Each structure stands twice: as structure tokens, then as C-alpha cells.
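Source file: target20.txt (compact mmCIF, C-alpha atoms)
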```
# COMPACT_ATOMS: atom_id res chain seq x y z
CA MET O 1 0.00 0.00 0.00
CA SER O 2 1.45 3.36 -0.98
CA ASN O 3 2.15 6.07 1.55
CA ASP O 4 -0.53 8.30 0.00
CA ILE O 5 -3.16 5.59 0.38
CA GLN O 6 -2.21 5.08 4.03
CA LYS O 7 -2.48 8.82 4.66
CA ALA O 8 -5.82 8.98 2.86
CA ASP O 9 -7.13 6.08 5.00
CA GLN O 10 -5.98 7.82 8.19
CA ILE O 11 -7.67 11.08 7.19
CA ALA O 12 -10.89 9.28 6.21
CA HIS O 13 -10.96 7.46 9.55
CA ARG O 14 -10.47 10.76 11.36
CA PHE O 15 -13.43 12.21 9.46
CA TYR O 16 -15.65 9.47 10.88
CA THR O 17 -14.20 9.90 14.35
CA LYS O 18 -14.39 13.70 14.30
CA LEU O 19 -18.05 13.53 13.24
CA THR O 20 -18.94 11.52 16.35
CA LEU O 21 -16.97 13.87 18.63
CA VAL O 22 -18.36 17.10 17.18
CA VAL O 23 -21.95 15.84 17.29
CA ASN O 24 -21.48 14.36 20.76
CA ASN O 25 -20.05 17.64 22.06
CA ALA O 26 -23.10 19.57 20.83
CA ARG O 27 -25.81 17.06 21.71
CA ALA O 28 -25.03 14.52 24.46
CA THR O 29 -26.21 15.82 27.82
CA ALA O 30 -24.06 13.50 29.93
CA GLU O 31 -21.26 15.38 31.65
CA PRO O 32 -17.87 14.60 30.07
CA ARG O 33 -15.63 12.58 32.34
CA SER O 34 -13.20 14.63 34.38
CA GLY O 35 -9.70 14.82 32.98
CA ALA O 36 -10.83 13.81 29.49
CA LYS O 37 -8.27 14.47 26.80
CA VAL O 38 -8.99 16.95 24.04
CA ASP O 39 -9.08 15.74 20.46
CA LYS O 40 -6.93 18.24 18.58
CA TRP O 41 -7.11 16.70 15.14
CA ALA O 42 -6.09 18.28 13.03
CA SER O 43 -3.67 21.10 13.85
CA LEU O 44 -5.36 23.31 11.28
CA LEU O 45 -8.77 22.58 12.81
CA VAL O 46 -7.49 23.68 16.22
CA GLN O 47 -6.92 27.16 14.79
CA PHE O 48 -10.68 27.43 14.37
CA ASN O 49 -11.51 26.39 17.95
CA LEU O 50 -12.69 22.95 16.96
CA GLU O 51 -11.05 21.15 19.86
CA THR O 52 -13.51 18.63 21.23
CA PRO O 53 -13.38 16.33 24.27
CA ASP O 54 -11.94 12.99 23.22
CA SER O 55 -13.94 9.86 23.90
CA ASP O 56 -13.79 6.10 23.47
CA MET O 57 -17.36 6.30 22.18
CA PHE O 58 -17.94 3.91 19.26
CA ARG O 59 -14.19 3.28 18.98
CA GLU O 60 -14.65 -0.42 18.27
CA HIS O 61 -17.36 0.28 15.72
CA LEU O 62 -15.18 2.89 13.99
CA ARG O 63 -12.46 0.31 13.40
CA THR O 64 -14.50 -0.73 10.36
CA TYR O 65 -13.45 2.52 8.70
CA ARG O 66 -9.72 2.36 9.43
CA ALA O 67 -8.79 1.13 5.95
CA ILE O 68 -11.68 1.99 3.67
CA SER O 69 -9.46 1.94 0.58
CA GLY O 70 -9.30 -1.83 0.94
CA SER O 71 -13.06 -2.19 1.34
CA PRO O 72 -15.14 -2.06 -1.86
CA SER O 73 -18.21 -0.84 -0.03
CA PRO O 74 -17.94 -0.07 3.69
CA PRO O 75 -21.32 0.22 5.41
CA PRO O 76 -22.83 3.71 5.78
CA PHE O 77 -22.12 5.29 9.16
CA GLU O 78 -25.45 6.46 10.59
CA LEU O 79 -25.25 8.42 13.83
CA GLN O 80 -28.54 8.92 15.67
CA VAL O 81 -29.27 11.65 18.21
CA LEU O 82 -31.89 10.32 20.63
CA LEU O 83 -34.00 11.95 23.30
CA SER O 84 -34.16 9.40 26.11
CA VAL O 85 -37.45 9.24 28.00
CA PRO O 86 -37.25 7.92 31.58
CA GLU O 87 -39.68 5.52 33.18
CA LEU O 88 -42.85 7.47 33.92
CA THR O 89 -44.79 7.25 37.16
CA ASN O 90 -48.54 6.63 37.27
CA ASN O 91 -49.28 10.35 37.32
CA GLN O 92 -46.92 11.26 34.44
CA VAL O 93 -47.50 11.26 30.69
CA LEU O 94 -45.45 12.25 27.66
CA VAL O 95 -47.06 15.02 25.65
CA TYR O 96 -46.38 16.75 22.35
CA LEU O 97 -46.83 20.51 22.26
CA ALA O 98 -48.47 21.26 18.91
CA PRO O 99 -47.95 24.54 16.99
CA ASP O 100 -51.37 25.72 18.18
CA SER O 101 -50.18 25.24 21.81
CA SER O 102 -52.47 22.26 22.36
CA ARG O 103 -51.01 19.32 24.25
CA LEU O 104 -51.31 15.84 22.78
CA ARG O 105 -50.49 12.73 24.76
CA ILE O 106 -48.17 10.23 23.04
CA ASP O 107 -49.27 6.67 23.68
CA PRO O 108 -47.63 4.25 24.09
CA THR O 109 -44.69 6.10 25.57
CA PRO O 110 -41.47 5.48 23.59
CA ARG O 111 -38.20 5.03 25.44
CA HIS O 112 -36.33 7.07 22.83
CA ILE O 113 -37.26 9.72 20.27
CA LEU O 114 -35.11 10.31 17.19
CA LEU O 115 -34.12 13.98 17.01
CA GLU O 116 -31.46 13.92 14.30
CA ASN O 117 -29.81 11.48 11.94
CA TRP O 118 -26.26 12.08 10.65
CA LEU O 119 -25.18 9.92 7.72
CA LEU O 120 -21.63 9.57 6.43
CA ASN O 121 -21.25 7.37 3.38
CA PHE O 122 -18.07 6.47 1.49
CA THR O 123 -18.33 6.20 -2.30
CA PRO O 124 -15.33 4.54 -4.00
CA GLY O 125 -13.78 6.54 -6.82
CA SER O 126 -13.63 5.40 -10.41
CA PRO O 127 -10.76 3.04 -11.37
CA PRO O 128 -7.72 4.37 -13.24
CA THR O 129 -8.05 4.71 -17.02
CA ARG O 130 -5.77 3.01 -19.52
CA PHE O 131 -3.98 6.33 -19.98
CA GLY O 132 -2.81 6.47 -16.38
CA GLU O 133 -4.14 7.47 -13.04
CA ASP O 134 -7.65 8.70 -12.53
CA GLN O 135 -7.75 12.41 -13.21
CA GLY O 136 -10.13 12.78 -10.28
CA ASP O 137 -7.55 11.71 -7.70
CA VAL O 138 -7.12 14.18 -4.83
CA ALA O 139 -3.95 14.42 -2.75
CA PRO O 140 -4.30 13.60 0.99
CA SER O 141 -3.10 17.11 1.86
CA THR O 142 -5.98 18.58 -0.15
CA ILE O 143 -8.50 16.29 1.52
CA TYR O 144 -7.10 17.38 4.88
CA LYS O 145 -7.54 21.05 4.01
CA HIS O 146 -11.10 20.44 2.83
CA GLY O 147 -11.84 19.20 6.34
CA ILE O 148 -11.46 22.75 7.67
CA PRO O 149 -14.57 24.30 6.05
CA LEU O 150 -16.44 21.01 6.40
CA PHE O 151 -16.11 20.80 10.18
CA ARG O 152 -16.46 24.54 10.65
CA SER O 153 -19.80 24.33 8.84
CA LEU O 154 -20.85 21.28 10.85
CA TYR O 155 -19.88 22.98 14.10
CA SER O 156 -22.04 26.00 13.20
CA LEU O 157 -24.95 23.95 11.87
CA LEU O 158 -25.17 21.94 15.09
CA ARG O 159 -25.70 25.23 16.96
CA ILE O 160 -28.43 26.46 14.61
CA LEU O 161 -30.68 23.41 14.49
CA PRO O 162 -33.57 23.18 17.00
CA SER O 163 -31.93 20.38 19.00
CA TRP O 164 -29.26 22.83 20.17
CA LYS O 165 -31.80 24.73 22.28
CA LEU O 166 -33.06 21.49 23.77
CA PHE O 167 -29.49 20.40 24.51
CA LYS O 168 -28.74 23.65 26.35
CA LYS O 169 -31.98 23.41 28.31
CA LEU O 170 -31.32 19.85 29.43
CA ARG O 171 -27.72 20.63 30.34
CA ARG O 172 -28.79 23.54 32.50
CA ARG O 173 -28.55 22.28 36.05
CA THR O 174 -31.28 23.10 38.54
CA ALA O 175 -31.74 22.25 42.20
CA GLY O 176 -33.66 19.20 43.35
CA ALA O 177 -33.97 15.62 42.19
CA TYR O 178 -36.54 16.42 39.49
CA ARG O 179 -34.41 17.96 36.78
CA ASN O 180 -35.99 18.71 33.39
CA GLY O 181 -38.16 15.63 33.81
CA ASN O 182 -34.93 13.55 33.81
CA LEU O 183 -34.92 13.68 30.01
CA SER O 184 -31.52 13.31 28.37
CA ILE O 185 -29.92 13.18 24.94
CA GLN O 186 -27.61 10.38 23.86
CA LEU O 187 -25.96 9.15 20.67
CA ARG O 188 -25.98 5.72 19.08
CA VAL O 189 -24.86 4.16 15.83
CA LYS O 190 -27.79 2.67 13.96
CA GLY O 191 -27.47 -1.09 13.68
CA MET O 192 -25.37 -1.54 16.81
CA ASP O 193 -26.47 -4.24 19.22
CA ASP O 194 -26.66 -1.88 22.20
CA GLY O 195 -29.93 -2.93 23.79
CA ILE O 196 -31.80 0.18 22.65
CA GLY O 197 -35.12 -1.01 21.38
CA ASP O 198 -38.16 1.23 21.18
CA ILE O 199 -37.34 4.35 19.14
CA LEU O 200 -39.91 6.79 17.82
CA GLU O 201 -38.37 7.52 14.43
CA PHE O 202 -39.20 10.03 11.71
CA GLY O 203 -42.52 9.21 10.06
CA LYS O 204 -43.29 6.44 12.55
CA PRO O 205 -46.94 6.87 13.60
CA ARG O 206 -47.95 7.04 17.26
CA CYS O 207 -51.35 7.51 18.77
CA MET O 208 -51.80 11.06 20.03
CA GLN O 209 -54.64 11.89 22.39
CA PRO O 210 -55.76 15.35 23.56
```

Can you dump the structure from the file as C-alpha cells?
Amino acid sequence: MSNDIQKADQIAHRFYTKLTLVVNNARATAEPRSGAKVDKWASLLVQFNLETPDSDMFREHLRTYRAISGSPSPPPFELQVLLSVPELTNNQVLVYLAPDSSRLRIDPTPRHILLENWLLNFTPGSPPTRFGEDQGDVAPSTIYKHGIPLFRSLYSLLRILPSWKLFKKLRRRTAGAYRNGNLSIQLRVKGMDDGIGDILEFGKPRCMQP
């Protein structure tokens, strides 16, 4: 394997990893562990304040994307942002606040509600022509530089979408045991065997009662 291919694989793997860290930093409500290292990849990205807390999250799953040049079709990486609903007591219900301010009860109560879905898919390039290398080849250094505007845009987008306000609200600490209804936001990779079952996904009907 050439040095350029190895570098390209490393950069591609970091794209997958950085996606999980950037999204996790802007969505997951769990407090980061104390003393967590900061992911500073890459040095150019640090110049734009894109340092994010490092995490072992999905590390084993991300191994699939360590050498994508050798895989004809690696599976799409689908990162889900879920609102986790705690066990409700007998006098609690989950309601949806409609645009007209009416409250609709969601029944049965899901354990998780899909807020966002981030999809990263690798498409292999065309093979070299008989006249030489593919004219569409891009040097690893160029790919690296393209990561700067990509992750800057992602960083900004995550703070514009509606889930950002919910994230900030749920992270705001208040006194007492009852804190924002004990709702939380977590991330998962779709398809992982992680024990998460009932998810209210986009377009999935649920009975709503006034």
C-alpha cells in the first residue's frame, strides 16, 4: 500500500471519528468525564476552535473505517441523536406541544425519540483509465484542508438546528432531584447491538390523544 493511500485512510478514519466527537459535544447531555483528553485533530482545525473532548465512544465500531481503501463498499455510518425518556410514574404522561399550543399525549410512551440522523457514506472513486491514473484523484493534503470548512460548517450547523436549544436546556442544572423531567440526549450508531429497542423515528406513527 502506498504512503498516500495510508495517509488517505488515516484522514478518512479521522473524518468518521471527528463527526462523532463534534456531534457528541453539541448534543449529548451527559457530563464529560473529568480529565478527558482533548481531540486536537487536526492542527489546522485547532486554529478554528474545533477542539472537542476525546472519547472512546464507538471506537470499536469505527475500526470498520480504518482502511476503507481496501473495502469495496464499507457500510454507511449512521449516527442517531436520541432523546431518552425515563420511566414514567402513574401520574406522568409524555405530551407533544403542537404549533397551536395544544397538548397531545403520546401513547404508548417510547423510550427514545429520534431527534437527528447524521449519515456519512463512502463512495469509492472510479478506477484508473488506460492512460494512467484517474484524473479525479485528490492528494491527501488537499483532503485534509477540505476538512477545515467542512467541520467549521458542521460545528455552526449543530448550533443552529432546533436540537441545540433542547441540549442547552437539558444541560442547565437546577436544584432538586426532578431535573428537566430527567430527560436526556444520547448518541448511538444505527445497527449496533446496544440494547436500545423502542425508538420513535421520523414518520413512525404514534397515537396522540388530547

Between atom CA of O:Phe122 and atom CA of O:Gly203, measure the distance and give it in Å to one decimal.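 Between atom CA of O:Phe122 and atom CA of O:Gly203 the gap works out to 26.1 Å.
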
Enclose the full set of atoms of stretch 200-205 of chain O listed in the file within a box whose edges lie along x, y and z, apply 4 Å of padding to each of the six sides, and report centre and edge lengths in Å to one decimal as JSON.
```
{"center_x": -42.7, "center_y": 8.2, "center_z": 13.9, "size_x": 16.6, "size_y": 11.6, "size_z": 15.8}
```

When you count only C-alpha atoms, which of these residues is closest to O:Arg59: O:Leu200, O:Leu83, O:Leu88, O:Val189?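 Going through O:Leu200, O:Leu83, O:Leu88, O:Val189 one by one, the smallest distance to O:Arg59 is for O:Val189.
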
For O:Ile196, which residue among O:Pro162, O:Pro110, O:Gly147, O:Pro72 is the nearest when counting all atoms listed in the file?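 Selected residue with least distance to O:Ile196: O:Pro110.
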
For O:Glu201, work out the shell of residues within 9 Å, counting all atoms listed in the file and skipping chain neighbours fewer than 4 positions away, then give it as a VMD selection string. chain O and resid 112 to 115 205

I need the chosen residues saved as a PDB file, keeping the file's coordinate frame, with C-alpha atoms.
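Result went into selection.pdb, see below:
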```
ATOM      1  CA  HIS O 112     -36.330   7.070  22.830  1.00  0.00           C
ATOM      2  CA  ILE O 113     -37.260   9.720  20.270  1.00  0.00           C
ATOM      3  CA  LEU O 114     -35.110  10.310  17.190  1.00  0.00           C
ATOM      4  CA  LEU O 115     -34.120  13.980  17.010  1.00  0.00           C
ATOM      5  CA  PRO O 205     -46.940   6.870  13.600  1.00  0.00           C
TER       6      PRO O 205
END
```

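Going from atom CA of O:Asp193 over to atom CA of O:Thr29, you cover 21.8 Å.
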
Do you have the atom CA of O:Gln6-atom CA of O:Tyr144 distance handy?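 Value for the atom CA of O:Gln6-atom CA of O:Tyr144 distance: 13.3 Å.
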
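Within the 7 Å cut-off around O:Val95, using all atoms listed in the file and omitting residues fewer than 6 positions from it on the same chain, the listed residues are Arg103, Leu104, Arg105 and Ile106 of chain O.
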
Within 8 Å of O:His13, counting all atoms listed in the file, which residues show up once you throw out same-chain ones fewer than 3 positions away? Write them as a VMD selection string, please. chain O and resid 9 to 10 16 to 17 62 65 to 67

From the options O:Asp107, O:Asp56, O:Glu31, O:Glu78, which residue's atoms come nearest to O:Leu120, counting only C-alpha atoms?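 Nearest candidate to O:Leu120 out of O:Asp107, O:Asp56, O:Glu31, O:Glu78: O:Glu78.
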
Please provide the set of residues having any atom within 10 Å of O:Leu158, restricted to all atoms listed in the file, with same-chain residues fewer than 4 positions apart removed, written as JSON, numbers by chain. {"O": [22, 23, 25, 26, 27, 153, 154, 162, 163, 164]}
